[in-house]
file target_15.txt (compact mmCIF, C-alpha atoms)
# COMPACT_ATOMS: atom_id res chain seq x y z
CA MET A 10 -33.58 -32.73 51.19
CA GLY A 11 -36.07 -35.09 49.62
CA THR A 12 -37.57 -34.33 46.24
CA SER A 13 -41.07 -33.96 47.63
CA LYS A 14 -39.90 -31.44 50.21
CA THR A 15 -38.20 -29.39 47.51
CA GLU A 16 -41.29 -29.51 45.34
CA ILE A 17 -43.47 -28.32 48.20
CA ALA A 18 -41.04 -25.52 49.02
CA ASN A 19 -40.88 -24.37 45.41
CA ALA A 20 -44.64 -24.46 45.05
CA LEU A 21 -45.24 -22.44 48.19
CA LEU A 22 -42.41 -19.95 47.78
CA PRO A 23 -44.47 -17.31 45.92
CA LYS A 24 -47.30 -17.80 48.39
CA LEU A 25 -45.11 -17.28 51.42
CA SER A 26 -42.95 -14.42 50.17
CA PRO A 27 -45.18 -11.66 51.66
CA PHE A 28 -44.30 -12.98 55.11
CA GLN A 29 -40.64 -12.46 54.31
CA SER A 30 -41.38 -8.87 53.31
CA VAL A 31 -43.02 -8.09 56.64
CA GLY A 32 -39.87 -9.03 58.51
CA ASP A 33 -40.13 -8.08 62.17
CA ARG A 34 -42.33 -5.01 61.77
CA GLN A 35 -44.74 -4.23 64.57
CA LEU A 36 -48.43 -4.76 64.12
CA GLN A 37 -50.12 -1.38 64.46
CA ALA A 38 -53.75 -1.93 63.51
CA VAL A 39 -56.15 -4.57 62.25
CA ASN A 40 -59.28 -4.00 60.19
CA TYR A 41 -61.97 -6.47 59.24
CA ILE A 42 -63.57 -5.84 55.85
CA TYR A 43 -67.01 -7.36 55.32
CA SER A 44 -68.72 -7.90 51.97
CA ASP A 45 -72.33 -9.06 51.91
CA GLY A 46 -72.07 -10.01 55.55
CA SER A 47 -69.00 -12.21 55.19
CA LEU A 48 -65.60 -11.35 56.61
CA ASP A 49 -63.73 -11.77 53.37
CA ARG A 50 -60.69 -9.59 54.02
CA VAL A 51 -58.44 -8.84 56.97
CA LEU A 52 -56.08 -5.90 56.74
CA LEU A 53 -52.97 -6.03 58.91
CA ASP A 54 -51.29 -2.64 59.26
CA PHE A 55 -47.55 -2.88 59.87
CA GLY A 56 -46.98 0.84 59.53
CA ALA A 57 -45.17 1.29 56.25
CA MET A 58 -46.61 -1.99 55.02
CA LEU A 59 -50.15 -3.31 54.68
CA VAL A 60 -50.85 -7.03 54.46
CA LEU A 61 -54.20 -7.88 52.92
CA ILE A 62 -55.53 -11.35 53.65
CA LYS A 63 -58.38 -12.38 51.35
CA ALA A 64 -60.89 -15.23 51.22
CA ASP A 65 -61.58 -16.63 47.78
CA GLU A 66 -65.29 -17.38 47.79
CA ARG A 67 -65.03 -19.77 44.85
CA ASP A 68 -63.26 -22.50 46.76
CA ASP A 69 -62.79 -21.17 50.29
CA THR A 70 -59.07 -20.69 49.84
CA ILE A 71 -57.01 -17.91 51.36
CA ASP A 72 -54.67 -15.47 49.73
CA PHE A 73 -52.56 -12.64 51.04
CA GLU A 74 -50.42 -9.90 49.61
CA ILE A 75 -48.52 -6.76 50.41
CA THR A 76 -50.59 -3.82 49.25
CA GLU A 77 -50.68 -0.06 49.31
CA THR A 78 -54.36 0.49 48.61
CA VAL A 79 -57.52 -1.41 49.41
CA ASP A 80 -60.78 -1.25 47.49
CA LEU A 81 -63.47 -0.58 50.09
CA HIS A 82 -66.34 -0.23 47.64
CA ASN A 83 -69.52 -1.83 49.01
CA THR A 84 -67.79 -3.00 52.16
CA HIS A 85 -68.18 -2.57 55.89
CA VAL A 86 -64.92 -1.91 57.73
CA VAL A 87 -64.42 -2.57 61.43
CA ASP A 88 -61.32 -1.68 63.43
CA VAL A 89 -60.70 -4.72 65.61
CA GLY A 90 -57.28 -3.82 66.99
CA HIS A 91 -58.78 -3.33 70.43
CA GLN A 92 -60.76 -6.57 70.32
CA GLU A 93 -59.87 -10.18 71.08
CA PRO A 94 -57.70 -11.78 69.92
CA TRP A 95 -55.93 -8.96 68.11
CA GLN A 96 -55.47 -6.66 71.11
CA ASN A 97 -52.90 -9.13 72.42
CA PHE A 98 -50.70 -8.56 69.38
CA ILE A 99 -50.92 -4.84 68.66
CA GLY A 100 -47.45 -3.39 69.11
CA ARG A 101 -45.83 -6.84 68.88
CA SER A 102 -43.26 -7.73 66.24
CA PHE A 103 -44.26 -10.12 63.53
CA GLY A 104 -42.56 -13.47 63.81
CA TRP A 105 -43.26 -16.09 61.21
CA GLY A 106 -46.13 -17.03 58.97
CA TRP A 107 -47.33 -20.41 57.77
CA ALA A 108 -49.64 -21.41 54.94
CA ILE A 109 -52.05 -24.26 55.70
CA VAL A 110 -53.05 -26.72 52.99
CA SER A 111 -56.09 -28.93 53.59
CA GLN A 112 -56.07 -32.66 52.83
CA GLN A 113 -58.06 -31.80 49.74
CA GLY A 114 -55.16 -29.74 48.41
CA TYR A 115 -56.57 -26.25 49.01
CA CYS A 116 -54.55 -23.56 50.77
CA ASP A 117 -57.28 -22.32 53.06
CA GLY A 118 -55.56 -21.09 56.18
CA LEU A 119 -52.66 -19.21 57.73
CA LEU A 120 -50.79 -19.36 61.00
CA LEU A 121 -49.20 -16.21 62.40
CA SER A 122 -46.74 -15.69 65.22
CA PHE A 123 -45.70 -12.54 67.03
CA ASP A 124 -42.70 -11.98 69.30
CA GLY A 125 -41.44 -15.46 68.62
CA LEU A 126 -41.88 -18.43 66.37
CA SER A 127 -44.76 -20.24 68.02
CA PRO A 128 -47.98 -19.90 66.02
CA ARG A 129 -50.43 -17.75 67.97
CA LEU A 130 -53.23 -17.06 65.53
CA ILE A 131 -54.99 -19.22 62.99
CA LEU A 132 -57.01 -17.83 60.10
CA ASN A 133 -59.15 -20.28 58.16
CA VAL A 134 -61.69 -19.72 55.38
CA VAL A 135 -65.12 -21.32 55.79
CA ALA A 136 -68.09 -20.47 53.60
CA SER A 137 -66.37 -17.40 52.15
CA SER A 138 -65.59 -16.00 55.60
CA ILE A 139 -62.27 -15.76 57.38
CA LYS A 140 -62.44 -17.31 60.83
CA VAL A 141 -59.86 -16.14 63.34
CA GLY A 142 -58.80 -18.25 66.29
CA LEU A 143 -56.30 -17.89 69.12
CA ILE A 144 -53.86 -20.72 69.68
CA GLU A 145 -53.28 -21.47 73.36
CA TRP A 146 -50.08 -23.29 74.30
CA THR A 147 -50.03 -25.36 77.45
CA MET B 25 -92.05 -3.68 5.21
CA PRO B 26 -93.51 -1.69 8.13
CA LEU B 27 -94.53 -3.87 11.06
CA SER B 28 -97.85 -3.62 12.80
CA PRO B 29 -97.95 -3.01 16.60
CA ALA B 30 -98.94 -6.63 17.02
CA THR B 31 -95.47 -7.71 15.89
CA ILE B 32 -93.58 -5.59 18.41
CA PRO B 33 -92.72 -7.53 21.58
CA GLY B 34 -93.86 -6.00 24.82
CA THR B 35 -96.88 -4.20 23.44
CA ASN B 36 -100.41 -5.11 24.41
CA ASP B 37 -101.24 -5.77 20.78
CA ASN B 38 -98.36 -8.21 20.58
CA LYS B 39 -99.50 -9.97 23.74
CA VAL B 40 -103.06 -10.27 22.48
CA ALA B 41 -101.84 -11.56 19.14
CA THR B 42 -99.38 -14.11 20.50
CA ASP B 43 -101.01 -15.44 23.66
CA PRO B 44 -103.31 -17.73 21.65
CA ILE B 45 -100.18 -19.13 20.05
CA ALA B 46 -99.02 -20.43 23.40
CA ASN B 47 -102.32 -22.17 23.95
CA PHE B 48 -102.28 -23.62 20.46
CA ILE B 49 -98.78 -25.05 20.50
CA SER B 50 -99.10 -26.37 24.04
CA LYS B 51 -101.47 -29.10 22.94
CA GLY B 52 -99.91 -32.45 23.64
CA ILE B 53 -96.86 -30.95 25.30
CA ALA B 54 -96.58 -31.39 29.03
CA ASP B 55 -93.39 -29.43 29.34
CA LYS B 56 -94.16 -25.80 30.07
CA ASP B 57 -90.61 -24.68 29.27
CA THR B 58 -90.93 -26.01 25.74
CA VAL B 59 -94.12 -24.05 25.26
CA ILE B 60 -92.42 -20.90 26.48
CA ARG B 61 -89.44 -21.43 24.18
CA ARG B 62 -91.64 -22.15 21.17
CA THR B 63 -93.77 -19.10 21.86
CA GLN B 64 -90.71 -16.90 22.18
CA TYR B 65 -89.35 -18.28 18.92
CA LEU B 66 -92.57 -17.51 17.08
CA ARG B 67 -92.70 -14.02 18.56
CA GLU B 68 -89.17 -13.41 17.29
CA GLN B 69 -90.18 -14.56 13.82
CA LEU B 70 -93.02 -12.05 13.89
CA GLN B 71 -90.73 -9.34 15.20
CA ASN B 72 -88.24 -9.94 12.41
CA GLY B 73 -90.94 -10.00 9.76
CA HIS B 74 -90.47 -13.70 8.94
CA ILE B 75 -94.15 -14.15 8.31
CA TRP B 76 -93.86 -17.36 6.29
CA THR B 77 -91.65 -18.98 8.92
CA PHE B 78 -94.12 -17.90 11.56
CA PHE B 79 -97.17 -19.36 9.87
CA GLY B 80 -95.31 -22.36 8.47
CA THR B 81 -94.09 -23.36 11.92
CA LEU B 82 -97.39 -22.56 13.57
CA TRP B 83 -99.23 -24.88 11.19
CA HIS B 84 -96.57 -27.59 11.47
CA LEU B 85 -95.44 -27.19 7.87
CA LYS B 86 -91.98 -26.27 9.13
CA PRO B 87 -90.28 -27.82 12.20
CA PHE B 88 -89.21 -25.83 15.22
CA PRO B 89 -85.40 -25.44 15.47
CA LYS B 90 -83.74 -28.00 17.71
CA GLU B 91 -82.75 -25.44 20.35
CA VAL B 92 -86.34 -24.48 21.08
CA ASP B 93 -87.97 -27.85 20.61
CA PHE B 94 -88.46 -30.68 23.06
CA PRO B 95 -86.34 -32.16 24.59
CA PRO B 96 -84.20 -29.13 25.35
CA VAL B 97 -80.52 -29.97 25.18
CA SER B 98 -79.54 -27.61 27.97
CA LEU B 99 -82.02 -29.10 30.41
CA SER B 100 -81.65 -32.80 29.73
CA ALA B 101 -77.89 -32.54 30.16
CA PRO B 102 -77.45 -29.41 32.26
CA ALA B 103 -74.18 -27.61 31.89
CA LYS B 104 -72.38 -26.39 34.97
CA PRO B 105 -72.78 -22.67 35.57
CA PRO B 106 -69.84 -20.48 34.62
CA SER B 107 -69.10 -19.73 38.24
CA ASP B 108 -68.47 -23.42 38.86
CA SER B 109 -66.52 -23.98 35.70
CA PRO B 110 -63.05 -25.50 35.66
CA LYS B 111 -61.48 -22.17 34.82
CA SER B 112 -63.12 -20.41 37.71
CA ASP B 113 -62.51 -22.72 40.60
CA ASP B 114 -60.37 -25.61 39.54
CA ARG B 115 -57.43 -23.71 38.26
CA GLY B 116 -56.69 -25.92 35.29
CA ASN B 117 -57.08 -29.27 36.99
CA GLU B 118 -60.52 -30.11 35.67
CA ALA B 119 -59.25 -32.92 33.47
CA ALA B 120 -57.78 -34.67 36.45
CA GLU B 121 -60.62 -33.87 38.82
CA SER B 122 -63.38 -34.73 36.43
CA LYS B 123 -66.77 -35.83 37.64
CA GLY B 124 -66.46 -38.82 39.92
CA ALA B 125 -62.66 -38.89 39.90
CA LYS B 126 -61.27 -40.88 42.80
CA ALA B 127 -57.90 -41.35 44.35
CA PRO B 128 -56.61 -44.91 44.48
CA GLY B 129 -57.96 -46.72 47.51
CA GLN B 130 -60.93 -44.47 48.01
CA PRO B 131 -64.13 -46.36 48.73
CA ALA B 132 -66.69 -46.51 46.00
CA ASP B 133 -69.57 -44.11 46.37
CA PRO B 134 -73.17 -44.62 45.35
CA PRO B 135 -73.80 -43.91 41.68
CA ALA B 136 -74.41 -40.34 40.68
CA GLN B 137 -77.95 -39.08 40.55
CA PRO B 138 -79.67 -39.19 37.16
CA SER B 139 -79.84 -36.05 35.08
CA LYS B 140 -82.22 -33.44 36.34
CA SER B 141 -85.66 -33.19 34.84
CA PRO B 142 -86.76 -29.91 33.24
CA GLU B 143 -89.07 -29.38 36.19
CA SER B 144 -86.28 -29.72 38.77
CA ALA B 145 -83.95 -27.55 36.71
CA ALA B 146 -86.63 -24.88 36.58
CA ALA B 147 -87.08 -25.16 40.33
CA GLU B 148 -83.35 -24.68 40.80
CA ALA B 149 -83.48 -21.54 38.71
CA VAL B 150 -86.21 -20.17 40.96
CA VAL B 151 -84.19 -21.00 44.07
CA THR B 152 -81.10 -19.32 42.62
CA LYS B 153 -83.03 -16.16 41.92
CA ALA B 154 -84.33 -16.13 45.47
CA LEU B 155 -80.87 -16.15 47.05
CA SER B 156 -79.93 -13.03 48.95
CA ALA B 157 -76.59 -11.36 48.32
CA ALA B 158 -75.29 -12.76 51.59
CA GLU B 159 -76.38 -16.29 50.66
CA LYS B 160 -74.76 -16.01 47.23
CA LYS B 161 -71.60 -14.82 48.89
CA LYS B 162 -71.56 -17.84 51.18
CA LEU B 163 -71.98 -20.23 48.27
CA GLY B 164 -69.45 -18.48 46.06
CA GLY B 165 -68.85 -20.61 42.97
CA LEU B 166 -71.69 -22.93 43.92
CA ALA B 167 -74.42 -20.26 43.89
CA GLY B 168 -75.63 -21.55 40.55
CA ARG B 169 -76.37 -24.93 42.13
CA ALA B 170 -78.42 -23.63 45.06
CA GLY B 171 -81.33 -25.94 44.25
CA GLU B 172 -79.24 -29.11 44.46
CA ARG B 173 -78.80 -31.26 47.54
CA VAL B 174 -75.52 -30.83 49.35
CA GLY B 175 -74.78 -34.55 49.30
CA ASP B 176 -75.35 -34.72 45.55
CA VAL B 177 -73.08 -31.75 44.91
CA ILE B 178 -70.32 -33.25 47.05
CA ARG B 179 -70.49 -36.57 45.17
CA ASP B 180 -70.79 -34.82 41.83
CA ARG B 181 -67.59 -32.95 42.55
CA GLY B 182 -65.71 -36.13 43.41
CA GLY B 183 -66.24 -36.15 47.17
CA THR B 184 -66.36 -39.38 49.15
CA GLY B 185 -69.04 -40.93 51.32
CA ALA B 186 -67.05 -39.69 54.31
CA ASN B 187 -67.27 -36.16 52.94
CA VAL B 188 -71.03 -36.49 52.68
CA ARG B 189 -71.26 -37.75 56.27
CA GLN B 190 -69.11 -34.82 57.41
CA ALA B 191 -71.70 -32.52 55.89
CA GLU B 192 -74.43 -33.86 58.17
CA PRO B 193 -77.02 -32.78 59.12
CA TRP B 194 -77.16 -30.78 55.90
CA ALA B 195 -76.42 -33.45 53.29
CA ASP B 196 -80.09 -33.87 52.40
CA LYS B 197 -80.80 -30.14 52.28
CA THR B 198 -80.29 -27.92 49.27
CA LEU B 199 -77.32 -25.59 49.06
CA GLY B 200 -79.77 -22.70 49.17
CA GLU B 201 -81.18 -23.88 52.49
CA VAL B 202 -77.70 -24.40 53.88
CA ALA B 203 -76.63 -20.94 52.74
CA ALA B 204 -79.59 -19.40 54.57
CA ALA B 205 -78.54 -21.18 57.77
CA ALA B 206 -74.92 -20.15 57.26
CA VAL B 207 -75.93 -16.51 56.94
CA LYS B 208 -77.68 -16.85 60.29
CA GLY B 209 -74.40 -18.05 61.77
CA ASP B 210 -74.83 -21.82 61.91
CA PRO B 211 -71.25 -23.21 61.91
CA THR B 212 -72.34 -26.68 60.76
CA ALA B 213 -73.96 -25.12 57.70
CA GLU B 214 -70.79 -23.19 56.94
CA THR B 215 -68.81 -26.40 57.24
CA ALA B 216 -71.15 -28.18 54.83
CA ILE B 217 -70.63 -25.41 52.26
CA LYS B 218 -66.89 -25.68 52.62
CA ILE B 219 -66.96 -29.44 52.13
CA ALA B 220 -68.98 -28.96 48.95
CA LYS B 221 -66.57 -26.33 47.66
CA GLN B 222 -63.50 -28.43 48.37
CA ALA B 223 -64.96 -31.85 47.57
CA ARG B 224 -62.91 -32.02 44.43
CA ARG B 225 -59.37 -32.90 45.45
CA LEU B 226 -56.73 -30.79 43.80
CA GLY B 227 -53.74 -32.48 42.27
CA LEU B 228 -55.25 -35.90 41.54
CA ARG B 229 -53.75 -37.57 38.52
CA HIS B 230 -55.36 -40.49 36.69
call {"tool": "encode", "arguments": {"input": "target_15.txt", "output": "structure tokens"}}
result
Amino acid sequence: MGTSKTEIANALLPKLSPFQSVGDRQLQAVNYIYSDGSLDRVLLDFGAMLVLIKADERDDTIDFEITETVDLHNTHVVDVGHQEPWQNFIGRSFGWGWAIVSQQGYCDGLLLSFDGLSPRLILNVVASSIKVGLIEWT
Amino acid sequence: MPLSPATIPGTNDNKVATDPIANFISKGIADKDTVIRRTQYLREQLQNGHIWTFFGTLWHLKPFPKEVDFPPVSLSAPAKPPSDSPKSDDRGNEAAESKGAKAPGQPADPPAQPSKSPESAAAEAVVTKALSAAEKKKLGGLAGRAGERVGDVIRDRGGTGANVRQAEPWADKTLGEVAAAAVKGDPTAETAIKIAKQARRLGLRH
């Protein structure tokens, strides 16, 4: 493996490790957490494990972690598990996760797959908000 | 030495006693901020009982300290706000991504804008104060620069001419104006904010 590939893998390893922890658990619920009108956190409930995806407002990067508690002070929480696009993935097993790095060098997005290894959802931070999109394969 | 009510800031007596000072020291000074700083300085001298410093400075027998006199250092060469500091959003790469840093092969951009005048800096402060919580949230680390044009901020942070064009039609608007549009849901405004935030390329080495 080339040196650059190894360097990239080493750099991203800590970032990607939460995906490894999720394994193939089923997605049970999804909550959007708004602060000052911006969707700055998405909480994925995998039953015994919560994955918190966060937008960093300083540079529009994205971060995510396994967590047990979430600070909901001054926030507005919306259960979106029954809404598009999440309703398609409730009850599905997590597949793989990808971290997206922009050409500017900022990790500002994620790809998620369920019931397989084809990316189905894209999350991207823009202006302190997490944008969620469905990936359609033709 | 007990102080009279006129020496206590915030009281009517103090206001009556010190307002003429502002008028007096403003003669020949066009910059309102300097007048305000000088007046505040003299009020503090009164408050602290430094009567001789107060009268000596008032009658030009003693110079004003550099930090309150014209030209103000902080306004002629404005420092970046803490929220936009290298530690807060550049994660230790500020030396490499210093102002105007370019990757090899990148086209040259127009020269940076000249330093802001005291008047424009004051206007920016007003704009910053007027931002709503939602607008501040959108701007994140750039909230302190809400009065600056998007195109200028992008270039200042090392962005290219292409980056500025990608921020159209907002490049000539201030970040504050763009934030207001972003809060209303304008996706092009949100994109312009993102370009400004990520204009500085991470990992450049020179």
call {"tool": "closest_residue", "arguments": {"input": "target_15.txt", "among": "A:Ser122, A:Thr84, A:Thr70, A:Thr15", "to": "Val135 (chain A)", "atoms": "all atoms listed in the file"}}
result
A:Thr70
call {"tool": "atom_distance", "arguments": {"input": "target_15.txt", "atom1": "CA of Gly56 (chain A)", "atom2": "CA of Leu22 (chain A)"}}
result
24.3 Å
call {"tool": "atom_distance", "arguments": {"input": "target_15.txt", "atom1": "CA of Glu77 (chain A)", "atom2": "CA of Met58 (chain A)"}}
result
7.3 Å
call {"tool": "interface_residues", "arguments": {"input": "target_15.txt", "of": "chain B", "to": "chain A", "cutoff": "10 Å", "atoms": "only C-alpha atoms", "output": "MDAnalysis selection string"}}
result
chainID B and resid 107:108 112:114 156:167 183 203 206:207 211 213:228
call {"tool": "atom_distance", "arguments": {"input": "target_15.txt", "atom1": "CA of Val174 (chain B)", "atom2": "CA of Asp196 (chain B)"}}
result
6.3 Å
call {"tool": "residues_around", "arguments": {"input": "target_15.txt", "residues": "region 97-103 of chain A", "least_positions_apart": "4", "cutoff": "6 Å", "atoms": "all atoms listed in the file", "output": "list in words"}}
result
Asp33, Arg34, Gln35, Leu36, Gln37, Phe123 and Asp124 of chain A
call {"tool": "closest_residue", "arguments": {"input": "target_15.txt", "among": "A:Gln92, A:Ser127, A:Asn19, A:Thr147", "to": "Gly106 (chain A)", "atoms": "all atoms listed in the file"}}
result
A:Ser127
call {"tool": "residues_around", "arguments": {"input": "target_15.txt", "residues": "Pro128 (chain A)", "least_positions_apart": "6", "cutoff": "12 Å", "atoms": "all atoms listed in the file", "output": "ChimeraX atom specification"}}
result
/A:103-109,119-122,142-146
call {"tool": "residues_near_point", "arguments": {"input": "target_15.txt", "point": "(-51.2, -7.0, 56.4)", "cutoff": "12 Å", "atoms": "all atoms listed in the file", "output": "PyMOL selection string"}}
result
chain A and resi 27-28+30-32+34-41+50-63+72-79+103+106+121
call {"tool": "write_last_selection", "arguments": {"input": "target_15.txt", "atoms": "C-alpha atoms", "output": "PDB file, in the frame of the given file"}}
result
ATOM      1  CA  PRO A  27     -45.180 -11.660  51.660  1.00  0.00           C
ATOM      2  CA  PHE A  28     -44.300 -12.980  55.110  1.00  0.00           C
ATOM      3  CA  SER A  30     -41.380  -8.870  53.310  1.00  0.00           C
ATOM      4  CA  VAL A  31     -43.020  -8.090  56.640  1.00  0.00           C
ATOM      5  CA  GLY A  32     -39.870  -9.030  58.510  1.00  0.00           C
ATOM      6  CA  ARG A  34     -42.330  -5.010  61.770  1.00  0.00           C
ATOM      7  CA  GLN A  35     -44.740  -4.230  64.570  1.00  0.00           C
ATOM      8  CA  LEU A  36     -48.430  -4.760  64.120  1.00  0.00           C
ATOM      9  CA  GLN A  37     -50.120  -1.380  64.460  1.00  0.00           C
ATOM     10  CA  ALA A  38     -53.750  -1.930  63.510  1.00  0.00           C
ATOM     11  CA  VAL A  39     -56.150  -4.570  62.250  1.00  0.00           C
ATOM     12  CA  ASN A  40     -59.280  -4.000  60.190  1.00  0.00           C
ATOM     13  CA  TYR A  41     -61.970  -6.470  59.240  1.00  0.00           C
ATOM     14  CA  ARG A  50     -60.690  -9.590  54.020  1.00  0.00           C
ATOM     15  CA  VAL A  51     -58.440  -8.840  56.970  1.00  0.00           C
ATOM     16  CA  LEU A  52     -56.080  -5.900  56.740  1.00  0.00           C
ATOM     17  CA  LEU A  53     -52.970  -6.030  58.910  1.00  0.00           C
ATOM     18  CA  ASP A  54     -51.290  -2.640  59.260  1.00  0.00           C
ATOM     19  CA  PHE A  55     -47.550  -2.880  59.870  1.00  0.00           C
ATOM     20  CA  GLY A  56     -46.980   0.840  59.530  1.00  0.00           C
ATOM     21  CA  ALA A  57     -45.170   1.290  56.250  1.00  0.00           C
ATOM     22  CA  MET A  58     -46.610  -1.990  55.020  1.00  0.00           C
ATOM     23  CA  LEU A  59     -50.150  -3.310  54.680  1.00  0.00           C
ATOM     24  CA  VAL A  60     -50.850  -7.030  54.460  1.00  0.00           C
ATOM     25  CA  LEU A  61     -54.200  -7.880  52.920  1.00  0.00           C
ATOM     26  CA  ILE A  62     -55.530 -11.350  53.650  1.00  0.00           C
ATOM     27  CA  LYS A  63     -58.380 -12.380  51.350  1.00  0.00           C
ATOM     28  CA  ASP A  72     -54.670 -15.470  49.730  1.00  0.00           C
ATOM     29  CA  PHE A  73     -52.560 -12.640  51.040  1.00  0.00           C
ATOM     30  CA  GLU A  74     -50.420  -9.900  49.610  1.00  0.00           C
ATOM     31  CA  ILE A  75     -48.520  -6.760  50.410  1.00  0.00           C
ATOM     32  CA  THR A  76     -50.590  -3.820  49.250  1.00  0.00           C
ATOM     33  CA  GLU A  77     -50.680  -0.060  49.310  1.00  0.00           C
ATOM     34  CA  THR A  78     -54.360   0.490  48.610  1.00  0.00           C
ATOM     35  CA  VAL A  79     -57.520  -1.410  49.410  1.00  0.00           C
ATOM     36  CA  PHE A 103     -44.260 -10.120  63.530  1.00  0.00           C
ATOM     37  CA  GLY A 106     -46.130 -17.030  58.970  1.00  0.00           C
ATOM     38  CA  LEU A 121     -49.200 -16.210  62.400  1.00  0.00           C
TER      39      LEU A 121
END
call {"tool": "residues_near_point", "arguments": {"input": "target_15.txt", "point": "(-77.3, -36.1, 51.2)", "cutoff": "9 Å", "atoms": "only C-alpha atoms", "output": "list in words"}}
result
Arg173, Val174, Gly175, Asp176, Val177, Ile178, Val188, Arg189, Ala191, Glu192, Pro193, Trp194, Ala195, Asp196, Lys197 and Thr198 of chain B
call {"tool": "write_last_selection", "arguments": {"input": "target_15.txt", "atoms": "C-alpha atoms", "output": "PDB file, keeping the file's coordinate frame"}}
result
ATOM      1  CA  ARG B 173     -78.800 -31.260  47.540  1.00  0.00           C
ATOM      2  CA  VAL B 174     -75.520 -30.830  49.350  1.00  0.00           C
ATOM      3  CA  GLY B 175     -74.780 -34.550  49.300  1.00  0.00           C
ATOM      4  CA  ASP B 176     -75.350 -34.720  45.550  1.00  0.00           C
ATOM      5  CA  VAL B 177     -73.080 -31.750  44.910  1.00  0.00           C
ATOM      6  CA  ILE B 178     -70.320 -33.250  47.050  1.00  0.00           C
ATOM      7  CA  VAL B 188     -71.030 -36.490  52.680  1.00  0.00           C
ATOM      8  CA  ARG B 189     -71.260 -37.750  56.270  1.00  0.00           C
ATOM      9  CA  ALA B 191     -71.700 -32.520  55.890  1.00  0.00           C
ATOM     10  CA  GLU B 192     -74.430 -33.860  58.170  1.00  0.00           C
ATOM     11  CA  PRO B 193     -77.020 -32.780  59.120  1.00  0.00           C
ATOM     12  CA  TRP B 194     -77.160 -30.780  55.900  1.00  0.00           C
ATOM     13  CA  ALA B 195     -76.420 -33.450  53.290  1.00  0.00           C
ATOM     14  CA  ASP B 196     -80.090 -33.870  52.400  1.00  0.00           C
ATOM     15  CA  LYS B 197     -80.800 -30.140  52.280  1.00  0.00           C
ATOM     16  CA  THR B 198     -80.290 -27.920  49.270  1.00  0.00           C
TER      17      THR B 198
END
call {"tool": "build_atoms", "arguments": {"input": "target_15.txt", "residues": "region 83-94 of chain A", "atoms": "N, CA and C atoms", "output": "compact mmCIF listing (two decimals), keeping the file's coordinate frame"}}
result
# COMPACT_ATOMS: atom_id res chain seq x y z
N ASN A 83 -68.48 -0.90 48.55
CA ASN A 83 -69.52 -1.83 49.01
C ASN A 83 -69.03 -2.74 50.15
N THR A 84 -68.27 -2.19 51.04
CA THR A 84 -67.79 -3.00 52.16
C THR A 84 -68.14 -2.32 53.48
N HIS A 85 -67.99 -3.09 54.54
CA HIS A 85 -68.18 -2.57 55.89
C HIS A 85 -66.88 -2.84 56.63
N VAL A 86 -66.24 -1.79 57.11
CA VAL A 86 -64.92 -1.91 57.73
C VAL A 86 -65.03 -1.73 59.24
N VAL A 87 -64.39 -2.64 59.97
CA VAL A 87 -64.42 -2.57 61.43
C VAL A 87 -62.99 -2.63 61.95
N ASP A 88 -62.63 -1.66 62.78
CA ASP A 88 -61.32 -1.68 63.43
C ASP A 88 -61.39 -2.63 64.62
N VAL A 89 -60.62 -3.70 64.56
CA VAL A 89 -60.70 -4.72 65.61
C VAL A 89 -59.41 -4.81 66.42
N GLY A 90 -58.56 -3.80 66.28
CA GLY A 90 -57.28 -3.82 66.99
C GLY A 90 -57.42 -3.83 68.50
N HIS A 91 -58.57 -3.36 68.99
CA HIS A 91 -58.78 -3.33 70.43
C HIS A 91 -59.62 -4.51 70.91
N GLN A 92 -59.92 -5.42 69.97
CA GLN A 92 -60.76 -6.57 70.32
C GLN A 92 -59.92 -7.86 70.38
N GLU A 93 -60.48 -8.85 71.10
CA GLU A 93 -59.87 -10.18 71.08
C GLU A 93 -59.97 -10.77 69.69
N PRO A 94 -58.97 -11.51 69.24
CA PRO A 94 -57.70 -11.78 69.92
C PRO A 94 -56.61 -10.79 69.55
